[in-house]
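*Asks:* Let me give you the structure first, and then I'll get to my questions.
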Amino acid sequence: MEETIKSFLTQDHRDCDEEFANMENAVASQDWAKSEESFEKFAKDLQTHFDMEEKVMFPVFEEITGMTNGPTQVMRMEHAQMLNVVSQMREDIAKQDKNHFFGLSESLMMLTQQHNMKEEQMLYAMADAHIQEQKSSVIEKMKELKRVN
Amino acid sequence: MFNQGLSLDQAPPISVPFRFFLTAPIFAMLIGVMFLIYPAELITNRFSSETIAMVHMFTLGVLSMIIFGAMQQMMPVLAGAPIKRAKLFATVVHTFLTLGTIFFVLKFLYYQNEFLIAAIVCLAISFLTFFITAIRLLFKVKYVTSTVNVMKLFAIAGVLTALLGLHLAGAHLSGNMGSNYLSFVNIHILLGIFGFAALLIIGVSFQVIPMFYVALDFPKSVQNRLPLSIFLLIISYFAFAFLDLNFYIYKVLFAIFFVIYAFHGLNSLNNRRRPVSDVTLWYWKVSLYSLVIAMLNWLFVPQDSSYFLTILFAFGFLFSLLQGMVYKIIPFLCWFHLSSKGYFDIPTIKEIIHEDLIKIHFYIYMASYVFFLLYGFFSQIFITIAAILFILSNILFFINCVLGMRKYASISKKEPLQTFVQS
């Protein structure tokens, strides 16, 4: 099946979820060196995902649809909110505070999944519908960003 | 349409879902009281007025109450479909649902037709307001997913249940039951429990289990076909009833559909990637295992006068899951609203309602569930113990919800240290 913006970015959501679960498993086992390593891997993957959207896909979407204050703006706000939680989780790993970490990771999970549902069900479908001709170049640029990160 | 959902200025105010969640445990406590007051043989006889009153206290005052509250929160996210004038909408739906439930119960306890007229008016306003709005929004969704499809079926099942209920209430009022009265009662029950309540849970779990636990997806064939099959089977009750077909086949099909769902749900949960093992997960498991046992009991224990089926399905499958859901939603919303308003030093999701208190509630509730089941084998004393535990568990449910909300309220009274969301 042809790769779409939706299929590519949805898969990237799942990959980030996988890293998220690895990080939680590391913290659950209280192996703090491993926790730090998997946390950084997750944080980097998450940032890359946001970059692929905010630096590549969103600008094209906004240009084509003319919606600069619409869905993409809401998504940016939510990205910022998620990154805020991620930075607090980094502190918990440094302090080796497992309980507080899991309180935050639960919040991040709820936040992320609601965000993902909206992207996967609406924004990506809208993007595929609007970004017709540039679709393959947008996907290619996102992949490129992923490779260099 | 899209700009609804998570962002604070667009999400419904926190009071919208919370009023529903706080009311449900109160009705549940009253259910426990009814089990204590009335003799066991009377309150477990599905045809007695007291049982009709109690069952509706549960289906209207507890089930519909939690489902309506949760739906107003979930719709914007799951279906991208916001509800306009959320506070007014919630006030209408909640007030009339509460009053309608009370009047309905009073009618069947005190036999006054005025109560039934009041109940009909209140429940019609509440249900029709909710479902007409839900159906209008859901059928406008442009990019349809399996969950949206199930939610459409849920809404149709809900409105049909309500209309049939109104029809039955009218029959009670006029005293003219008609020859098809029992068939209408049965399809009203099937639509309400298997359609309205179970379909919503199934639809939500397609999305929630894989995403929130990082677990296996339900197979696409199950996601796409199972809910519609269940819905069509409910509707085909008419054919079975009027053509006098063998009902055992009907039961077998239902059991197969629900067991397929429960199997995939449990398989997914048991193979989840996240290491979490919180109370919500326990509720999920109790719920899905209860569903399987309920179906097996339905098929293979013909002498059950539907007591076991009711307890397993209502308290085991439905109410367990809804409690778990409320314990996920309340802490998250408290945290989310505070975090989005820019409060910095706030409790985490696990500190809003203390996990130990939720666990105590869970254990007491489970004990009451077990005693309810034991009554089926033994004597009255078991149902008395079950009822006391049920009341206790719901008092704790109420207290836990209040504690969470009070924590939210006490923090939100202060000034945020920093405005986090720059819009």
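Simple scheme: letters A, B, ... for chains in structure tokens order, numbers from 1 for residues in each chain, numbers from 1 for ligands in the order shown.
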Quick check: residues of chain A within 6 Å of chain B, only C-alpha atoms, returned as a list of chain:residue names.

*Replies:*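 Contact residues on the first chain: A:Ala21, A:Asn25, A:Pro71, A:Gly103, A:Leu104, A:Ser107.
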
*Asks:* Show me, as a list in words, the residues that have an atom within 7 Å of Leu309 of chain B when counting only C-alpha atoms, minus same-chain residues fewer than 6 positions from it.

*Replies:* Ala294, Asn297 and Trp298 of chain B

*Asks:* Given the selection you just returned, output its residues as a file containing N, CA, C and O atoms, formatted as a PDB file, in the first residue's frame.

*Replies:*
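As written to disk, part-v8.pdb reads:
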ATOM      1  N   ALA B 294     -20.095 -14.483  32.660  1.00  0.00           N
ATOM      2  CA  ALA B 294     -21.520 -14.169  32.505  1.00  0.00           C
ATOM      3  C   ALA B 294     -22.092 -14.879  31.280  1.00  0.00           C
ATOM      4  O   ALA B 294     -23.172 -15.461  31.327  1.00  0.00           O
ATOM      5  N   ASN B 297     -22.259 -18.668  31.844  1.00  0.00           N
ATOM      6  CA  ASN B 297     -23.363 -18.946  32.755  1.00  0.00           C
ATOM      7  C   ASN B 297     -24.700 -18.877  32.024  1.00  0.00           C
ATOM      8  O   ASN B 297     -25.584 -19.716  32.207  1.00  0.00           O
ATOM      9  N   TRP B 298     -24.809 -17.903  31.163  1.00  0.00           N
ATOM     10  CA  TRP B 298     -26.054 -17.693  30.411  1.00  0.00           C
ATOM     11  C   TRP B 298     -26.353 -18.906  29.527  1.00  0.00           C
ATOM     12  O   TRP B 298     -27.479 -19.362  29.405  1.00  0.00           O
TER      13      TRP B 298
END

*Asks:* Find the distance between atom CA of Phe130 of chain B and atom CA of Ile117 of chain B and write it in Å to one decimal.

*Replies:*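 A separation of 20.0 Å between them.
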
*Asks:* Please identify the alpha helix (DSSP H) residues within segment 67-105 of chain A (assignment by DSSP from backbone atoms) and present them as number ranges by chain.

*Replies:* A: 71-95, 98-105

*Asks:* In Å to one decimal, how far is atom CA of Met34 of chain B from atom CA of Glu114 of chain B?

*Replies:*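 Atom CA of Met34 of chain B lies at a distance of 22.0 Å from atom CA of Glu114 of chain B.
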